[in-house]
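Report on the following structure.
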Amino acid sequence: MKQIDLLIYNIGCLVTMQGSPKPRAGTEQSKVHMIHHGAIAIQGEQIVAVGIEEEVRKSIQGLTVVKELDAQGCLVTPGLIDPHTHLVHGGSREHELDLKLKGVPYLEILAQGGGILNTVQATRKATEEELCLQAKRSLDLMLLFGATTVEAKSGYGLTLEDEVKQLRVAKQLHESHPVDIVSTFMGAHAVPVEYKGRSEEYVNLVLEEMLPEVKRLGLAEFCDIFCEHGVFSVEESRKILLKAKELGFKIKIHADEIESIGGAELAGELGCISAEHLLATDTEGIEALKKAGTIAVCLPATSFNLRLQKHAPARDMIESGVPVALSTDYNPGSSPTESLQLVMTLACLNLRMTPEEVLTAMTINAAHAVGKADTIGSLEVGKQADIVLYNATNLAYLPYHFGINHVHSVVKKGNIVVSEGKLI
Ligand SMILES: O=C(O)CC1=NCN=C1
Ligand SMILES: [Zn+2]
């Protein structure tokens with residue numbers, strides 16, 4: 001160790017998430033490994049010492065410390081990870097608010113050619129630059145709210161050219177923005193208007209043209225599908241996810257968002273890394289997830305925003321031993337919010353998760369859901385120095401005091417990228 005590039009000290013409550021390298025399930029979901037009077041020593045992009053301040057200082061004795069950051073007794077956690085977003089898109093859908101207030105269901109709006117298909121029109125019309133600008137604004141907000149890694153799906157192009165356009169924007173942002181982006185191909189997000197009534201032909205386009213080309217271009221690690229009544233059936237989802245797996249994609253699935261048609265069971269059958277939404281998932285579905293070790297990604301901002309009378313059975317999942325992650329599901333229709341802190345509050349109040357279970361769901365379990373748990377999701381020697389400092393002295397304060405941004409500073413790969421609530 002030549003020098004210490006950054007020493008974060010005087011940490012009142014340091015939550016490291018140290019523990020099992022596997023996704024945390026059951027009682028493991030609430031073990032967060034908390035230290036008082038902590039410090040973190042960073043060299044380059046990596047953590048080289050973390051723990052009680054006097055022990056950290058002893059371990060770096062004699063080394064030059066280039067920069068120090070006084071945490072002023074605050075709470076510090078690993079950088080938050082948002083494992084399910086539709087970040088790159090054109091347009092917005094506030095015009096659908098009155099439909100929603102009149103009680104028109106989400107799938108009804110989609111069936112009438114609105115919803116996702118409205119965003120498809122706006123995304124096809126937008127240039128790559130316009131999409132990049134719009135997504136960057138959201139990515140800046142996600143970072144200000146404490147997210148240091150974000151998953152981003154395509155799925156608003158629904159032609160090869162427009163799907164590639166979305167994925168290229170995600171790649172550009174990954175390369176230029178402090179926040180790391182993990183890309184997911186989701187050409188099977190909806191059947192486009194030009195294929196209305198001919199969904200089989202569209203599924204073949206995804207199978208034969210889109211998946212191989214996206215793989216050849218190396219533009220996505222994951223493939224996802226909207227397995228839902230009136231969108232893609234279990235059989236169509238199985239075909240697409242099996243083909244994706246064969247081509248080397250890791251697979252995810254939007255399952256049981258509105259109706260339970262067997263999406264969670266399919267996730268278990270195919271060994272999806274994660275199944276997402278799960279509002280309507282029943283005990284058989286939970287059993288299937290548990291058996292396969294699939295991570296349940298719950299999206300409480302979506303069930304809140306869609307005014308659904310139910311929420312994902314996160315408590316049952318945790319008690320059944322299914323690892324739970326959380327996400328914003330940021331998208332212009334069902335969840336137009338970039339704030340993982342709002343999701344913290346909704347996860348506590350509506351999913352009845354504890355603050356500790358919530359933090360696990362937004363760090364190490366979310367890291368597993370995007371296949372990056374070997375480098376992010378906990379503060380340990382050798383892991384990436386992605387760190388958040390909050391204007392709070394304990395974990396429960398974050399979901400308890402809602403509607404504000406608690407983030408003071410964010411360190412990304414050892415660099416201070418947010419200070420006193422502002423991007424630098
Ligand atoms: O409505 C949207 O744009 C995003 C979404 N896809 C599946 N559920 C919600
Ligand atoms: Zn989604």
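Following the order of the structure tokens, first chain is A, next is B, and so on, with residues numbered from 1 inside each chain and ligands from 1 in the order they appear.
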
Selection: 10 Å around Val203 of chain A, only C-alpha atoms, excl. self and same-chain fewer than 3 positions, as a JSON list (two decimals) with all heavy atoms, in the first residue's frame:
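Output below, filename result-v9.json:
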[["chain", "number", "residue", "atom", "x", "y", "z"],
["A", 187, "GLY", "N", -36.62, -6.37, -25.26],
["A", 187, "GLY", "CA", -37.41, -6.19, -26.48],
["A", 187, "GLY", "C", -38.82, -6.77, -26.31],
["A", 187, "GLY", "O", -39.76, -6.38, -26.99],
["A", 188, "ALA", "N", -38.94, -7.73, -25.36],
["A", 188, "ALA", "CA", -40.27, -8.31, -25.10],
["A", 188, "ALA", "C", -40.92, -7.57, -23.95],
["A", 188, "ALA", "O", -41.25, -8.15, -22.89],
["A", 188, "ALA", "CB", -40.15, -9.79, -24.79],
["A", 191, "VAL", "N", -46.07, -5.89, -27.22],
["A", 191, "VAL", "CA", -46.15, -6.13, -28.67],
["A", 191, "VAL", "C", -46.40, -4.77, -29.34],
["A", 191, "VAL", "O", -47.38, -4.10, -28.99],
["A", 191, "VAL", "CB", -47.30, -7.09, -29.00],
["A", 191, "VAL", "CG1", -47.45, -7.27, -30.51],
["A", 191, "VAL", "CG2", -47.05, -8.45, -28.33],
["A", 195, "TYR", "N", -47.49, -4.82, -34.87],
["A", 195, "TYR", "CA", -47.64, -6.28, -34.78],
["A", 195, "TYR", "C", -48.91, -6.65, -34.01],
["A", 195, "TYR", "O", -49.06, -7.79, -33.55],
["A", 195, "TYR", "CB", -46.43, -6.90, -34.09],
["A", 195, "TYR", "CG", -45.24, -7.09, -34.99],
["A", 195, "TYR", "CD1", -44.29, -6.08, -35.13],
["A", 195, "TYR", "CD2", -45.07, -8.26, -35.73],
["A", 195, "TYR", "CE1", -43.20, -6.23, -35.97],
["A", 195, "TYR", "CE2", -43.97, -8.42, -36.57],
["A", 195, "TYR", "CZ", -43.03, -7.40, -36.68],
["A", 195, "TYR", "OH", -41.95, -7.54, -37.52],
["A", 198, "ARG", "N", -50.58, -9.98, -34.01],
["A", 198, "ARG", "CA", -49.62, -10.92, -34.63],
["A", 198, "ARG", "C", -48.44, -11.09, -33.66],
["A", 198, "ARG", "O", -47.28, -11.00, -34.03],
["A", 198, "ARG", "CB", -49.11, -10.34, -35.98],
["A", 198, "ARG", "CG", -50.20, -10.20, -37.02],
["A", 198, "ARG", "CD", -49.64, -9.78, -38.36],
["A", 198, "ARG", "NE", -49.05, -8.43, -38.30],
["A", 198, "ARG", "CZ", -47.81, -8.15, -38.73],
["A", 198, "ARG", "NH1", -47.03, -9.09, -39.19],
["A", 198, "ARG", "NH2", -47.35, -6.90, -38.65],
["A", 199, "SER", "N", -48.76, -11.37, -32.41],
["A", 199, "SER", "CA", -47.70, -11.41, -31.38],
["A", 199, "SER", "C", -46.69, -12.52, -31.66],
["A", 199, "SER", "O", -45.51, -12.37, -31.39],
["A", 199, "SER", "CB", -48.29, -11.57, -29.98],
["A", 199, "SER", "OG", -48.93, -12.81, -29.88],
["A", 200, "GLU", "N", -47.17, -13.60, -32.29],
["A", 200, "GLU", "CA", -46.23, -14.70, -32.57],
["A", 200, "GLU", "C", -45.11, -14.23, -33.51],
["A", 200, "GLU", "O", -43.93, -14.53, -33.31],
["A", 200, "GLU", "CB", -46.98, -15.87, -33.20],
["A", 200, "GLU", "CG", -46.20, -17.18, -33.04],
["A", 200, "GLU", "CD", -46.97, -18.36, -33.61],
["A", 200, "GLU", "OE1", -48.21, -18.36, -33.47],
["A", 200, "GLU", "OE2", -46.32, -19.22, -34.20],
["A", 206, "VAL", "N", -38.06, -11.10, -32.07],
["A", 206, "VAL", "CA", -37.19, -11.00, -30.88],
["A", 206, "VAL", "C", -36.22, -12.18, -30.86],
["A", 206, "VAL", "O", -35.02, -12.02, -30.64],
["A", 206, "VAL", "CB", -38.04, -10.98, -29.58],
["A", 206, "VAL", "CG1", -37.15, -11.04, -28.34],
["A", 206, "VAL", "CG2", -38.93, -9.73, -29.54],
["A", 207, "LEU", "N", -36.76, -13.38, -31.16],
["A", 207, "LEU", "CA", -35.94, -14.60, -31.09],
["A", 207, "LEU", "C", -34.85, -14.63, -32.16],
["A", 207, "LEU", "O", -33.69, -14.88, -31.89],
["A", 207, "LEU", "CB", -36.82, -15.84, -31.26],
["A", 207, "LEU", "CG", -37.78, -16.17, -30.11],
["A", 207, "LEU", "CD1", -38.78, -17.23, -30.57],
["A", 207, "LEU", "CD2", -37.00, -16.65, -28.89],
["A", 208, "GLU", "N", -35.27, -14.31, -33.40],
["A", 208, "GLU", "CA", -34.37, -14.55, -34.53],
["A", 208, "GLU", "C", -33.49, -13.37, -34.90],
["A", 208, "GLU", "O", -32.42, -13.51, -35.43],
["A", 208, "GLU", "CB", -35.17, -15.03, -35.75],
["A", 208, "GLU", "CG", -35.46, -16.53, -35.63],
["A", 208, "GLU", "CD", -36.84, -16.91, -36.16],
["A", 208, "GLU", "OE1", -37.24, -16.32, -37.18],
["A", 208, "GLU", "OE2", -37.49, -17.76, -35.54],
["A", 209, "GLU", "N", -33.99, -12.15, -34.58],
["A", 209, "GLU", "CA", -33.23, -10.96, -35.03],
["A", 209, "GLU", "C", -32.64, -10.19, -33.85],
["A", 209, "GLU", "O", -31.44, -9.98, -33.75],
["A", 209, "GLU", "CB", -34.17, -10.06, -35.83],
["A", 209, "GLU", "CG", -33.56, -9.61, -37.17],
["A", 209, "GLU", "CD", -34.43, -8.55, -37.79],
["A", 209, "GLU", "OE1", -35.38, -8.94, -38.48],
["A", 209, "GLU", "OE2", -34.17, -7.36, -37.52],
["A", 210, "MET", "N", -33.50, -9.82, -32.90],
["A", 210, "MET", "CA", -33.04, -8.91, -31.84],
["A", 210, "MET", "C", -32.04, -9.57, -30.90],
["A", 210, "MET", "O", -30.95, -9.04, -30.68],
["A", 210, "MET", "CB", -34.24, -8.39, -31.06],
["A", 210, "MET", "CG", -35.15, -7.47, -31.85],
["A", 210, "MET", "SD", -36.35, -6.74, -30.71],
["A", 210, "MET", "CE", -37.43, -5.89, -31.86],
["A", 232, "PHE", "N", -47.13, -10.83, -22.62],
["A", 232, "PHE", "CA", -46.49, -12.06, -23.10],
["A", 232, "PHE", "C", -46.88, -13.22, -22.18],
["A", 232, "PHE", "O", -46.77, -13.09, -20.95],
["A", 232, "PHE", "CB", -44.97, -11.89, -23.17],
["A", 232, "PHE", "CG", -44.55, -10.92, -24.26],
["A", 232, "PHE", "CD1", -44.21, -9.62, -23.93],
["A", 232, "PHE", "CD2", -44.56, -11.29, -25.60],
["A", 232, "PHE", "CE1", -43.87, -8.69, -24.92],
["A", 232, "PHE", "CE2", -44.21, -10.38, -26.59],
["A", 232, "PHE", "CZ", -43.87, -9.08, -26.25],
["A", 236, "GLU", "N", -44.73, -17.94, -24.28],
["A", 236, "GLU", "CA", -43.89, -16.99, -25.06],
["A", 236, "GLU", "C", -42.67, -16.57, -24.23],
["A", 236, "GLU", "O", -41.55, -16.48, -24.74],
["A", 236, "GLU", "CB", -44.71, -15.76, -25.46],
["A", 236, "GLU", "CG", -45.78, -16.04, -26.51],
["A", 236, "GLU", "CD", -46.78, -14.89, -26.66],
["A", 236, "GLU", "OE1", -47.02, -14.17, -25.66],
["A", 236, "GLU", "OE2", -47.28, -14.70, -27.79],
["A", 237, "SER", "N", -42.90, -16.36, -22.95],
["A", 237, "SER", "CA", -41.79, -15.94, -22.06],
["A", 237, "SER", "C", -40.75, -17.06, -21.98],
["A", 237, "SER", "O", -39.55, -16.78, -22.01],
["A", 237, "SER", "CB", -42.33, -15.61, -20.67],
["A", 237, "SER", "OG", -43.33, -14.61, -20.76],
["A", 239, "LYS", "N", -40.05, -19.34, -24.19],
["A", 239, "LYS", "CA", -39.32, -19.41, -25.47],
["A", 239, "LYS", "C", -38.21, -18.33, -25.50],
["A", 239, "LYS", "O", -37.05, -18.62, -25.80],
["A", 239, "LYS", "CB", -40.28, -19.11, -26.62],
["A", 239, "LYS", "CG", -40.75, -20.33, -27.39],
["A", 239, "LYS", "CD", -41.40, -19.86, -28.68],
["A", 239, "LYS", "CE", -42.62, -20.69, -29.04],
["A", 239, "LYS", "NZ", -43.48, -20.02, -30.02],
["A", 240, "ILE", "N", -38.60, -17.13, -25.15],
["A", 240, "ILE", "CA", -37.64, -16.00, -25.27],
["A", 240, "ILE", "C", -36.52, -16.12, -24.24],
["A", 240, "ILE", "O", -35.34, -15.95, -24.55],
["A", 240, "ILE", "CB", -38.39, -14.65, -25.17],
["A", 240, "ILE", "CG1", -39.14, -14.42, -26.49],
["A", 240, "ILE", "CG2", -37.45, -13.48, -24.87],
["A", 240, "ILE", "CD1", -40.02, -13.20, -26.53]]

task: List all protein, DNA and RNA residues that have at least one atom no more than 7 Å from any atom of ligand 1, counting only C-alpha atoms and all ligand atoms, and write them as a ChimeraX atom specification.
output: /A:86,115-116,119,189,226,254,331-334

Grab me every residue within 10 Å of ligand 2, counting only C-alpha atoms and all ligand atoms, and send it over as a PDB file with C-alpha atoms, in the first residue's frame.
ATOM      1  CA  HIS A  84     -34.661  -2.553 -11.927  1.00  0.00           C
ATOM      2  CA  THR A  85     -35.132   0.655 -13.966  1.00  0.00           C
ATOM      3  CA  HIS A  86     -36.398   1.681 -17.374  1.00  0.00           C
ATOM      4  CA  LEU A  87     -33.976   4.598 -17.296  1.00  0.00           C
ATOM      5  CA  ALA A 152     -31.259  -0.040 -17.137  1.00  0.00           C
ATOM      6  CA  LYS A 153     -33.603  -1.926 -19.461  1.00  0.00           C
ATOM      7  CA  GLY A 155     -37.992  -2.112 -24.186  1.00  0.00           C
ATOM      8  CA  MET A 186     -36.142  -6.098 -22.907  1.00  0.00           C
ATOM      9  CA  HIS A 189     -41.716  -5.423 -23.071  1.00  0.00           C
ATOM     10  CA  ASP A 224     -35.960  -9.534 -19.295  1.00  0.00           C
ATOM     11  CA  ILE A 225     -39.595  -9.989 -20.391  1.00  0.00           C
ATOM     12  CA  PHE A 226     -43.004  -8.657 -19.312  1.00  0.00           C
ATOM     13  CA  ILE A 253     -38.538 -11.672 -15.582  1.00  0.00           C
ATOM     14  CA  HIS A 254     -41.323  -9.156 -14.835  1.00  0.00           C
ATOM     15  CA  ALA A 255     -43.633 -11.616 -13.090  1.00  0.00           C
ATOM     16  CA  GLU A 257     -47.188  -7.616 -11.579  1.00  0.00           C
ATOM     17  CA  GLU A 276     -39.482  -8.658 -10.407  1.00  0.00           C
ATOM     18  CA  HIS A 277     -42.771  -7.075  -9.219  1.00  0.00           C
ATOM     19  CA  LEU A 299     -41.135  -2.534  -6.360  1.00  0.00           C
ATOM     20  CA  THR A 302     -45.107   0.849  -8.447  1.00  0.00           C
ATOM     21  CA  SER A 327     -35.829  -1.066  -6.657  1.00  0.00           C
ATOM     22  CA  THR A 328     -37.503   2.122  -7.876  1.00  0.00           C
ATOM     23  CA  ASP A 329     -38.742   0.523 -11.145  1.00  0.00           C
ATOM     24  CA  TYR A 330     -38.094   4.045 -12.449  1.00  0.00           C
ATOM     25  CA  ASN A 331     -40.152   4.461 -15.665  1.00  0.00           C
ATOM     26  CA  GLY A 333     -45.689   5.210 -16.400  1.00  0.00           C
ATOM     27  CA  SER A 334     -45.984   2.842 -13.468  1.00  0.00           C
ATOM     28  CA  SER A 335     -43.230   4.366 -11.307  1.00  0.00           C
TER      29      SER A 335
END

task: Extract the full set of strand (DSSP E) residues from segment 259-407 of chain A according to DSSP on the backbone, and format it as JSON, numbers by chain.
output: {"A": [274, 275, 276, 277, 295, 296, 297, 298, 324, 325, 326, 387, 388, 389, 390, 407]}

task: Might you pull out every residue within 9 Å of Ser274 of chain A, with only C-alpha atoms counted and same-chain residues fewer than 4 positions away left off, and present them as a PyMOL selection string?
output: chain A and resi 251-254+267+289+293-297+368-370

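Distances from A:Pro83, A:Ile261, A:Asp70, A:Ile376 to Cys298 of chain A were compared using only C-alpha atoms, and the smallest one belongs to A:Pro83.
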
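Comparing the minimum interatomic distances between Leu340 of chain A and each of A:Ala280, A:Leu117, A:Leu158, A:Val150, counting only C-alpha atoms, we find that A:Val150 sits nearest.
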
message: If DSSP is run on the backbone, what residues of segment 135-271 of chain A are alpha helix (DSSP H)? A reply as a PyMOL selection string would be ideal.
response: chain A and resi 135-144+160-176+199-205+211-217+234-247+263-270

query: What is the atom CA of Gly263 of chain A-atom CA of Pro21 of chain A distance in Å, reported with one decimal?
result: 27.2 Å

query: Using only C-alpha atoms, which residues sit within 10 Å of segment 307-310 of chain A once same-chain residues fewer than 2 positions away are excluded, as a ChimeraX atom specification?
result: /A:100-101,103,105-106,258,279-280,300-305,312-313,334,350-351

query: What does the distance from atom CA of Lys22 of chain A to atom CA of Met362 of chain A come to in Å, to one decimal?
result: 14.5 Å

query: With distances taken over only C-alpha atoms, which of A:Lys372, A:His37, A:Arg57, A:Lys165 is nearest to Leu75 of chain A?
result: A:His37
